[in-house]
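Colleague: File data.cif follows (mmCIF, C-alpha atoms):
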data_model
#
loop_
_atom_site.label_atom_id
_atom_site.label_comp_id
_atom_site.auth_asym_id
_atom_site.auth_seq_id
_atom_site.Cartn_x
_atom_site.Cartn_y
_atom_site.Cartn_z
CA MET A 30 -90.55 -27.97 -111.00
CA PHE A 31 -91.83 -29.64 -107.85
CA LYS A 32 -95.07 -30.32 -109.61
CA ASN A 33 -93.26 -32.09 -112.46
CA VAL A 34 -91.25 -34.21 -110.05
CA TYR A 35 -94.38 -35.02 -108.09
CA ASN A 36 -96.33 -35.91 -111.24
CA TRP A 37 -93.50 -38.10 -112.51
CA ILE A 38 -93.54 -40.10 -109.28
CA ASP A 39 -97.32 -40.07 -109.02
CA GLU A 40 -97.75 -41.49 -112.53
CA ARG A 41 -95.62 -44.44 -111.58
CA LEU A 42 -96.56 -45.08 -107.96
CA ASP A 43 -99.98 -43.47 -107.58
CA ILE A 44 -99.06 -41.77 -104.31
CA THR A 45 -101.90 -39.26 -104.24
CA PRO A 46 -104.43 -41.58 -102.56
CA ILE A 47 -101.89 -42.33 -99.80
CA TRP A 48 -101.46 -38.80 -98.56
CA ARG A 49 -105.09 -37.88 -99.37
CA ASP A 50 -106.07 -40.64 -96.98
CA VAL A 51 -103.86 -39.17 -94.27
CA ALA A 52 -104.23 -35.44 -94.78
CA ASP A 53 -107.51 -34.78 -96.55
CA HIS A 54 -110.39 -35.11 -94.14
CA GLU A 55 -113.12 -32.91 -92.81
CA VAL A 56 -112.79 -31.13 -89.52
CA PRO A 57 -116.24 -31.09 -87.88
CA GLU A 58 -117.56 -27.67 -86.94
CA HIS A 59 -117.59 -28.32 -83.21
CA VAL A 60 -113.82 -28.98 -83.12
CA ASN A 61 -112.86 -26.06 -85.36
CA PRO A 62 -111.68 -23.01 -83.38
CA ALA A 63 -112.64 -20.82 -86.37
CA HIS A 64 -116.26 -21.61 -85.60
CA HIS A 65 -116.25 -21.77 -81.82
CA PHE A 66 -113.15 -20.40 -80.19
CA SER A 67 -113.59 -22.70 -77.20
CA ALA A 68 -112.88 -25.58 -79.58
CA PHE A 69 -109.16 -24.86 -79.09
CA VAL A 70 -109.29 -27.53 -76.39
CA TYR A 71 -109.40 -30.02 -79.25
CA CYS A 72 -105.89 -28.89 -80.27
CA PHE A 73 -104.11 -30.35 -77.25
CA GLY A 74 -103.72 -33.82 -78.75
CA GLY A 75 -102.16 -32.40 -81.90
CA LEU A 76 -99.94 -30.11 -79.85
CA THR A 77 -98.76 -33.09 -77.81
CA PHE A 78 -97.81 -34.83 -81.03
CA PHE A 79 -96.10 -31.70 -82.36
CA ILE A 80 -93.95 -31.45 -79.23
CA THR A 81 -93.26 -35.17 -79.37
CA VAL A 82 -91.86 -34.70 -82.89
CA ILE A 83 -89.63 -31.89 -81.59
CA GLN A 84 -88.51 -34.14 -78.73
CA ILE A 85 -87.56 -36.92 -81.12
CA LEU A 86 -85.68 -34.55 -83.43
CA SER A 87 -83.83 -32.64 -80.71
CA GLY A 88 -83.05 -35.92 -78.95
CA MET A 89 -81.55 -37.38 -82.12
CA PHE A 90 -79.31 -34.34 -82.47
CA LEU A 91 -78.29 -34.35 -78.81
CA THR A 92 -76.93 -37.88 -79.12
CA MET A 93 -74.36 -36.51 -81.58
CA TYR A 94 -72.51 -35.08 -78.59
CA TYR A 95 -73.80 -36.97 -75.57
CA VAL A 96 -72.09 -40.05 -74.16
CA PRO A 97 -73.85 -42.31 -71.63
CA ASP A 98 -70.84 -42.89 -69.43
CA ILE A 99 -70.35 -41.84 -65.81
CA ILE A 100 -67.00 -40.16 -66.50
CA ASN A 101 -67.94 -38.30 -69.66
CA ALA A 102 -71.71 -37.80 -69.46
CA TYR A 103 -71.68 -34.58 -67.45
CA ASN A 104 -68.72 -33.17 -69.39
CA SER A 105 -70.29 -33.94 -72.74
CA VAL A 106 -73.55 -32.27 -71.70
CA GLU A 107 -71.63 -29.24 -70.43
CA TYR A 108 -69.66 -29.16 -73.66
CA LEU A 109 -72.66 -29.32 -75.95
CA GLN A 110 -74.52 -26.79 -73.83
CA THR A 111 -71.74 -24.20 -73.60
CA GLN A 112 -69.33 -24.79 -76.50
CA VAL A 113 -71.41 -25.97 -79.43
CA ALA A 114 -73.36 -23.40 -81.45
CA PHE A 115 -77.09 -23.53 -80.62
CA GLY A 116 -76.36 -26.22 -78.05
CA GLN A 117 -78.23 -24.25 -75.44
CA ILE A 118 -81.22 -24.00 -77.78
CA VAL A 119 -81.29 -27.63 -78.87
CA ARG A 120 -80.87 -28.91 -75.32
CA GLY A 121 -83.36 -26.27 -74.20
CA MET A 122 -85.92 -27.61 -76.67
CA HIS A 123 -85.48 -31.09 -75.25
CA HIS A 124 -85.47 -29.91 -71.62
CA TRP A 125 -88.52 -27.63 -71.79
CA GLY A 126 -90.31 -29.81 -74.32
CA ALA A 127 -90.11 -32.70 -71.88
CA SER A 128 -92.16 -30.75 -69.35
CA LEU A 129 -94.44 -29.25 -71.97
CA VAL A 130 -95.32 -32.61 -73.48
CA ILE A 131 -96.53 -33.80 -70.08
CA VAL A 132 -98.60 -30.63 -69.63
CA MET A 133 -100.15 -30.89 -73.11
CA MET A 134 -100.84 -34.58 -72.67
CA PHE A 135 -102.51 -33.86 -69.34
CA LEU A 136 -104.69 -31.14 -70.90
CA HIS A 137 -105.57 -33.50 -73.75
CA THR A 138 -106.55 -36.16 -71.23
CA LEU A 139 -108.72 -33.65 -69.35
CA ARG A 140 -110.44 -32.62 -72.59
CA VAL A 141 -111.15 -36.26 -73.47
CA PHE A 142 -112.39 -36.87 -69.95
CA PHE A 143 -114.69 -33.85 -69.68
CA THR A 144 -116.16 -34.26 -73.17
CA GLY A 145 -116.81 -37.92 -72.38
CA SER A 146 -114.90 -38.89 -75.51
CA TYR A 147 -113.57 -42.03 -73.86
CA LYS A 148 -117.02 -43.62 -73.90
CA ALA A 149 -118.08 -46.39 -76.29
CA PRO A 150 -116.96 -47.03 -78.97
CA ARG A 151 -113.65 -45.29 -78.05
CA GLU A 152 -112.70 -47.15 -74.86
CA MET A 153 -109.71 -48.85 -76.51
CA ASN A 154 -108.31 -45.53 -77.59
CA TRP A 155 -108.54 -44.28 -74.02
CA VAL A 156 -106.59 -47.33 -72.87
CA VAL A 157 -103.92 -46.80 -75.54
CA GLY A 158 -103.80 -43.14 -74.49
CA MET A 159 -103.18 -44.18 -70.90
CA LEU A 160 -100.36 -46.47 -72.06
CA ILE A 161 -98.86 -43.53 -73.95
CA PHE A 162 -99.12 -41.54 -70.72
CA PHE A 163 -97.09 -44.16 -68.83
CA VAL A 164 -94.51 -44.37 -71.62
CA MET A 165 -94.12 -40.58 -71.53
CA ILE A 166 -93.64 -40.66 -67.77
CA GLY A 167 -91.03 -43.37 -68.30
CA LEU A 168 -89.27 -41.24 -70.89
CA GLY A 169 -89.22 -38.32 -68.50
CA LEU A 170 -87.87 -40.49 -65.69
CA THR A 171 -85.12 -42.16 -67.69
CA GLY A 172 -84.12 -38.92 -69.41
CA TYR A 173 -83.77 -37.14 -66.09
CA LEU A 174 -80.75 -39.23 -65.11
CA LEU A 175 -78.78 -38.73 -68.31
CA PRO A 176 -77.04 -35.38 -67.56
CA TRP A 177 -75.49 -37.19 -64.59
CA ASP A 178 -75.45 -34.17 -62.28
CA ASN A 179 -76.40 -34.10 -58.63
CA LYS A 180 -80.07 -33.44 -59.32
CA ALA A 181 -80.23 -36.33 -61.77
CA TYR A 182 -78.43 -38.69 -59.44
CA PHE A 183 -80.49 -38.02 -56.33
CA ALA A 184 -83.80 -37.81 -58.18
CA THR A 185 -83.12 -41.24 -59.62
CA LYS A 186 -82.19 -42.57 -56.16
CA VAL A 187 -85.58 -41.40 -54.90
CA THR A 188 -87.41 -42.85 -57.90
CA LEU A 189 -85.74 -46.20 -57.39
CA GLU A 190 -86.72 -46.11 -53.71
CA ILE A 191 -90.31 -45.61 -54.86
CA ALA A 192 -89.96 -48.66 -57.11
CA ASN A 193 -88.46 -50.47 -54.11
CA SER A 194 -91.61 -49.83 -52.10
CA VAL A 195 -93.72 -52.02 -54.38
CA PRO A 196 -94.94 -54.98 -52.29
CA VAL A 197 -92.98 -58.22 -52.73
CA LEU A 198 -91.47 -57.42 -56.13
CA GLY A 199 -90.04 -54.01 -55.14
CA PRO A 200 -86.41 -54.99 -54.49
CA VAL A 201 -86.27 -57.01 -57.72
CA ILE A 202 -87.69 -54.13 -59.80
CA LYS A 203 -85.26 -51.73 -58.19
CA GLU A 204 -82.23 -53.88 -58.88
CA LEU A 205 -83.38 -54.55 -62.43
CA LEU A 206 -83.81 -50.84 -63.16
CA GLN A 207 -80.53 -50.06 -61.45
CA GLY A 208 -78.69 -52.77 -63.34
CA GLY A 209 -76.96 -53.73 -60.11
CA THR A 210 -76.82 -52.89 -56.45
CA LEU A 211 -76.07 -49.19 -56.77
CA VAL A 212 -76.93 -46.21 -58.96
CA GLY A 213 -73.87 -46.04 -61.19
CA ALA A 214 -72.34 -46.85 -64.54
CA GLU A 215 -74.77 -49.63 -65.36
CA THR A 216 -77.78 -47.57 -64.30
CA LEU A 217 -76.74 -44.80 -66.67
CA THR A 218 -76.25 -47.02 -69.73
CA ARG A 219 -79.46 -48.86 -68.93
CA PHE A 220 -81.48 -45.67 -68.61
CA PHE A 221 -79.91 -44.36 -71.81
CA ALA A 222 -80.89 -47.47 -73.75
CA ILE A 223 -84.43 -47.37 -72.37
CA HIS A 224 -84.74 -43.63 -73.01
CA VAL A 225 -83.36 -43.67 -76.54
CA PHE A 226 -84.35 -47.02 -78.00
CA PHE A 227 -86.93 -49.00 -76.05
CA LEU A 228 -89.48 -46.43 -74.95
CA PRO A 229 -89.46 -44.40 -78.19
CA ALA A 230 -90.12 -47.61 -80.14
CA VAL A 231 -93.04 -48.48 -77.86
CA LEU A 232 -94.26 -44.87 -78.04
CA LEU A 233 -94.29 -44.81 -81.84
CA ILE A 234 -96.21 -48.08 -82.03
CA LEU A 235 -98.77 -46.80 -79.54
CA LEU A 236 -99.09 -43.48 -81.37
CA VAL A 237 -99.77 -45.25 -84.66
CA GLY A 238 -102.50 -47.25 -82.93
CA HIS A 239 -103.89 -44.07 -81.34
CA PHE A 240 -104.08 -42.30 -84.72
CA ILE A 241 -105.48 -45.24 -86.67
CA MET A 242 -108.23 -45.63 -84.11
CA ILE A 243 -109.18 -41.95 -84.07
CA ARG A 244 -109.28 -41.93 -87.88
CA ARG A 245 -111.42 -45.09 -87.96
CA GLN A 246 -113.84 -43.89 -85.32
CA GLY A 247 -113.77 -40.16 -86.00
CA ILE A 248 -113.71 -37.38 -83.44
CA SER A 249 -116.47 -37.71 -80.85
CA GLY A 250 -119.60 -35.63 -81.44
CA PRO A 251 -120.48 -32.25 -79.89
CA LEU A 252 -121.63 -32.11 -76.28
CA MET B 25 -103.23 -22.39 -112.88
CA SER B 26 -103.97 -24.38 -115.97
CA ASN B 27 -103.92 -22.97 -119.49
CA GLN B 28 -107.58 -23.68 -119.86
CA HIS B 29 -108.33 -21.38 -116.98
CA GLU B 30 -106.28 -18.54 -118.45
CA GLU B 31 -107.98 -18.81 -121.81
CA HIS B 32 -111.34 -18.68 -120.17
CA GLU B 33 -110.42 -15.53 -118.27
CA SER B 34 -108.84 -13.70 -121.20
CA SER B 35 -112.00 -14.12 -123.24
CA HIS B 36 -113.79 -12.00 -120.62
CA LYS B 37 -111.28 -9.21 -120.05
CA PRO B 38 -108.47 -8.69 -122.56
CA PRO B 39 -105.99 -6.73 -120.34
CA VAL B 40 -103.85 -9.55 -119.00
CA ARG B 41 -103.66 -9.38 -115.25
CA LYS B 42 -102.44 -12.56 -113.71
CA GLU B 43 -104.83 -13.35 -110.94
CA MET B 44 -104.09 -15.77 -108.19
CA SER B 45 -106.92 -18.02 -107.21
CA ARG B 46 -108.00 -17.92 -103.60
CA ARG B 47 -107.11 -21.58 -103.28
CA GLN B 48 -103.60 -20.94 -104.55
CA PHE B 49 -103.13 -17.95 -102.24
CA LEU B 50 -104.20 -20.01 -99.25
CA THR B 51 -101.95 -22.87 -100.30
CA TYR B 52 -98.96 -20.53 -100.52
CA THR B 53 -99.79 -18.89 -97.20
CA LEU B 54 -100.24 -22.17 -95.42
CA GLY B 55 -97.15 -23.66 -97.04
CA GLY B 56 -95.08 -20.60 -96.25
CA ALA B 57 -96.17 -20.50 -92.63
CA THR B 58 -95.49 -24.22 -92.26
CA ALA B 59 -92.06 -23.89 -93.87
CA PHE B 60 -91.23 -20.97 -91.57
CA MET B 61 -92.17 -22.94 -88.48
CA ALA B 62 -90.35 -26.05 -89.66
CA ALA B 63 -87.25 -23.97 -90.35
CA GLY B 64 -87.48 -22.49 -86.86
CA VAL B 65 -87.30 -25.99 -85.44
CA ALA B 66 -84.80 -27.44 -87.87
CA LEU B 67 -82.23 -24.66 -88.25
CA PRO B 68 -80.89 -24.65 -84.68
CA MET B 69 -80.52 -28.42 -84.86
CA VAL B 70 -78.73 -28.35 -88.19
CA ARG B 71 -76.39 -25.58 -87.02
CA PHE B 72 -75.78 -27.64 -83.86
CA ALA B 73 -74.91 -30.70 -85.92
CA VAL B 74 -72.52 -28.99 -88.35
CA ASP B 75 -70.72 -27.06 -85.61
CA PRO B 76 -67.50 -29.15 -85.73
CA ILE B 77 -66.70 -28.04 -89.29
CA LEU B 78 -67.47 -24.40 -88.51
CA GLN B 79 -65.52 -24.15 -85.27
CA LYS B 80 -62.29 -22.19 -85.44
CA LYS B 81 -59.36 -24.53 -85.62
CA GLY B 82 -57.08 -23.75 -82.70
CA GLU B 83 -53.67 -22.39 -83.61
CA GLY B 84 -51.35 -25.31 -82.98
CA ALA B 85 -49.33 -24.49 -79.90
CA PHE B 86 -45.56 -24.92 -80.02
CA VAL B 87 -44.01 -27.55 -77.79
CA LYS B 88 -40.50 -27.42 -76.38
CA VAL B 89 -38.72 -30.45 -77.86
CA ALA B 90 -34.92 -30.29 -77.92
CA GLU B 91 -31.90 -28.12 -77.13
CA ILE B 92 -30.47 -26.44 -80.19
CA SER B 93 -26.94 -27.47 -79.18
CA LYS B 94 -27.92 -31.14 -79.47
CA ILE B 95 -29.03 -30.87 -83.09
CA THR B 96 -26.54 -32.33 -85.55
CA SER B 97 -26.49 -32.73 -89.28
CA GLU B 98 -27.34 -36.37 -88.68
CA PRO B 99 -31.13 -36.72 -88.10
CA GLN B 100 -32.01 -37.58 -84.51
CA GLU B 101 -35.28 -38.81 -83.11
CA PHE B 102 -36.99 -36.74 -80.43
CA SER B 103 -40.28 -37.57 -78.81
CA PHE B 104 -42.58 -35.07 -77.19
CA GLU B 105 -46.06 -34.85 -75.75
CA LEU B 106 -48.84 -32.81 -77.23
CA LYS B 107 -51.92 -31.90 -75.18
CA GLN B 108 -55.02 -31.91 -77.29
CA GLN B 109 -58.56 -30.91 -76.49
CA ASP B 110 -60.98 -33.32 -78.15
CA GLY B 111 -64.45 -31.94 -77.46
CA TRP B 112 -64.86 -32.45 -73.72
CA TYR B 113 -61.87 -34.77 -73.54
CA LEU B 114 -58.34 -33.57 -72.86
CA SER B 115 -55.66 -36.03 -73.86
CA THR B 116 -51.94 -36.13 -74.51
CA SER B 117 -50.61 -37.75 -77.61
CA ASN B 118 -47.01 -38.86 -77.99
CA LEU B 119 -45.35 -37.62 -81.15
CA THR B 120 -41.89 -38.06 -82.55
CA ALA B 121 -39.86 -35.91 -84.91
CA TRP B 122 -36.59 -36.42 -86.74
CA ILE B 123 -34.62 -33.21 -86.36
CA ARG B 124 -31.42 -32.17 -88.11
CA LYS B 125 -29.74 -29.05 -89.37
CA ASP B 126 -28.76 -28.74 -92.99
CA GLU B 127 -25.45 -27.51 -94.41
CA SER B 128 -26.42 -23.86 -93.99
CA GLY B 129 -27.37 -24.52 -90.34
CA LYS B 130 -31.13 -24.33 -90.84
CA ILE B 131 -32.97 -26.63 -88.46
CA TYR B 132 -35.93 -28.64 -89.67
CA ALA B 133 -38.00 -31.49 -88.27
CA LEU B 134 -39.62 -34.28 -90.25
CA SER B 135 -42.64 -36.27 -89.22
CA PRO B 136 -41.98 -40.02 -89.31
CA ILE B 137 -45.44 -40.83 -90.69
CA CYS B 138 -44.91 -42.53 -94.04
CA LYS B 139 -46.74 -40.74 -96.85
CA HIS B 140 -47.63 -44.05 -98.44
CA LEU B 141 -50.04 -45.58 -95.93
CA GLY B 142 -49.12 -44.05 -92.59
CA CYS B 143 -46.64 -46.47 -91.05
CA THR B 144 -43.70 -45.09 -89.07
CA VAL B 145 -40.41 -44.60 -90.86
CA GLY B 146 -36.98 -44.70 -89.22
CA TRP B 147 -33.59 -43.24 -90.07
CA ASN B 148 -30.89 -45.71 -91.16
CA ASN B 149 -32.96 -48.65 -89.96
CA ASP B 150 -32.32 -50.87 -92.97
CA LYS B 151 -28.86 -51.72 -94.23
CA ASN B 152 -30.05 -51.78 -97.84
CA PHE B 153 -30.93 -48.10 -97.55
CA PRO B 154 -28.03 -46.38 -95.79
CA ASP B 155 -28.59 -42.78 -94.71
CA GLU B 156 -32.21 -42.83 -95.73
CA TYR B 157 -35.54 -42.91 -94.01
CA HIS B 158 -37.02 -46.33 -94.60
CA CYS B 159 -40.52 -47.63 -93.98
CA PRO B 160 -40.67 -51.31 -92.95
CA CYS B 161 -44.25 -51.78 -94.19
CA HIS B 162 -43.96 -51.48 -97.95
CA GLY B 163 -40.38 -50.40 -98.48
CA ALA B 164 -40.93 -46.70 -99.08
CA HIS B 165 -37.73 -44.75 -98.52
CA TYR B 166 -36.79 -41.10 -98.39
CA THR B 167 -33.72 -38.87 -98.47
CA LYS B 168 -32.72 -36.96 -95.35
CA GLU B 169 -34.68 -33.97 -96.68
CA GLY B 170 -37.69 -36.25 -96.82
CA LYS B 171 -37.76 -36.54 -100.60
CA GLN B 172 -39.55 -39.74 -101.59
CA LEU B 173 -37.51 -42.26 -103.58
CA ALA B 174 -39.94 -45.14 -103.97
CA VAL B 175 -43.52 -46.21 -103.27
CA ALA B 176 -44.62 -43.08 -101.43
CA PRO B 177 -46.38 -40.40 -103.49
CA LYS B 178 -45.24 -37.37 -101.47
CA PRO B 179 -42.26 -36.25 -99.38
CA LEU B 180 -42.36 -36.63 -95.59
CA ASP B 181 -44.28 -33.91 -93.74
CA GLU B 182 -42.51 -31.29 -91.64
CA TYR B 183 -43.21 -29.77 -88.27
CA LYS B 184 -43.31 -25.99 -88.01
CA VAL B 185 -40.10 -25.05 -86.20
CA MET B 186 -39.58 -22.16 -83.81
CA LEU B 187 -36.24 -21.42 -82.15
CA LYS B 188 -36.26 -19.61 -78.83
CA ASP B 189 -33.79 -19.42 -75.92
CA ASP B 190 -31.55 -22.27 -77.10
CA TRP B 191 -34.52 -24.58 -77.57
CA VAL B 192 -36.27 -26.03 -80.59
CA TYR B 193 -40.05 -25.74 -80.44
CA LEU B 194 -42.24 -27.75 -82.78
CA GLY B 195 -45.72 -26.78 -83.92
CA GLU B 196 -48.27 -28.20 -86.30
CA ILE B 197 -47.50 -30.59 -89.12
CA ILE B 198 -47.31 -29.02 -92.60
CA PRO B 199 -46.46 -30.39 -96.05
CA ASN B 200 -42.74 -30.61 -96.78
CA THR B 201 -41.25 -27.26 -97.83
CA ILE B 202 -37.62 -28.35 -98.27
CA VAL B 203 -37.96 -30.53 -101.32
CA LYS B 204 -40.02 -29.59 -104.30
#
How does the structure come out when it is put into structure tokens?

Modeller:
Amino acid sequence: MFKNVYNWIDERLDITPIWRDVADHEVPEHVNPAHHFSAFVYCFGGLTFFITVIQILSGMFLTMYYVPDIINAYNSVEYLQTQVAFGQIVRGMHHWGASLVIVMMFLHTLRVFFTGSYKAPREMNWVVGMLIFFVMIGLGLTGYLLPWDNKAYFATKVTLEIANSVPVLGPVIKELLQGGTLVGAETLTRFFAIHVFFLPAVLLILLVGHFIMIRRQGISGPL
Amino acid sequence: MSNQHEEHESSHKPPVRKEMSRRQFLTYTLGGATAFMAAGVALPMVRFAVDPILQKKGEGAFVKVAEISKITSEPQEFSFELKQQDGWYLSTSNLTAWIRKDESGKIYALSPICKHLGCTVGWNNDKNFPDEYHCPCHGAHYTKEGKQLAVAPKPLDEYKVMLKDDWVYLGEIIPNTIVK
């Protein structure tokens, strides 16, 4: 049945070359854990992406219950965590995934560094990877405030003090991030917007660039 | 497996034993494992999202509204407050009911929400429709049992009534049971 549906569409739109181009490619022996078990280090990039997908999905579902408002934010998080079926699991995915994505990304970066994969002709991909790193850190930072509990509030105060310590521009950056002179209602909505719309958009663009480049240039050779 | 393939095989060994090619087996295995993992990720989220329709609807609590001795055969308007839990938000909504007792002394309460488009009806509020509920929006009007006479497709809804210790308690809104 699926085959018939697929063929019907394929006859009209010729979709086979599209997914072949994406999915059908050789995995070199030196990055295949079936050949050399130590090649599992080449999985960290893919695992980072896998967790990123889970983060995006669980985040989308969390916004069904979450409100970015200083009066309701904490209550809505408590409600979805304790009253809604699987709320603990879905929020747990987002909470633990946030840490795990940083860990995986760090391991991926170490692998690229120690295999020298950042060298010519792949320097641009290293730079894009670093930008992804900063975006991820930004996502972690802005997401941390959203539950609007004591930990979130004081952690954000500290982070904004760090921003404040930048020479010359510090106070301006701090006030811009804060959306005012104190950590409050406007900080929360601002962080929510950045966390849910701005940074994910930037992240997806960077990821597309990252993947196009690695497909163009291929995985770096064996050591 | 294509037909061509089957024909080729049957020419070699007549007893028909459907063999699965290695490629097909691996495809199924890989597809199955992928589907299992995807379901593990997706199912909690889907269950999370559909939770509102699966949550038990709370039994509507009864609210003390009026003293039984004050109820007459003429409908009277009583307002009362209903506390409602809306997710994480607790609010009170102000409701009104038109309460009367019929000839046999049975007490019932009608909801003033017009069954046409949801405006609020009033008792005896239009001199063209004496002793009727009348809706100012589109002219729907009802008898004192709530029976619709024009415009509206259904009779006025009722509140569940409970009588206890000389007081009338009202519960959830149900379709009219007095008029057929």

Colleague: Pull out every residue that the PyMOL selection byres ((chain B) within 7 of (chain A)) matches in the shown coordinates and put them as a list in words.

Modeller: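 On the file shown, the PyMOL selection byres ((chain B) within 7 of (chain A)) covers Pro68, Met69, Arg71, Phe72, Ala73, Asp75 and Trp112 of chain B.
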
Colleague: Tell me, as a list in words, which residues lie within 12 Å of Tyr193 in chain B, counting only C-alpha atoms; anything in the same chain fewer than 4 positions away does not count.

Modeller: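 Result of the neighbour search: Gly84, Ala85, Phe86, Val87, Lys88, Val89, Ala90, Glu91, Ile92, Phe102, Ser103, Phe104, Glu105, Leu106, Ala121, Ile123, Ile131, Tyr132, Ala133, Tyr183, Lys184, Val185, Met186, Leu187, Lys188 and Asp189 of chain B.
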
Colleague: Between CA of Trp147 in chain B and CA of Glu101 in chain B, what is the distance, to one decimal in Å?

Modeller: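 Rounded to one decimal, the two atoms are 8.4 Å apart.
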
Colleague: What's the separation between CA of Gly172 in chain A and CA of Ile191 in chain A, in Å to one decimal place?

Modeller: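 CA of Ile191 in chain A lies 17.2 Å from CA of Gly172 in chain A.
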
Colleague: Grab the CA of Glu152 in chain A to CA of Phe240 in chain A distance for me, in Å with one decimal place.

Modeller: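 Straight-line distance from CA of Glu152 in chain A to CA of Phe240 in chain A works out to 14.0 Å.
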
Colleague: Quick one: of B:Val175, B:Ile197, B:Ile202, B:Cys143, who's nearest to Lys130 in chain B, counting all atoms listed in the file?

Modeller: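 With all atoms listed in the file as the atom set, the closest residue is B:Ile202.
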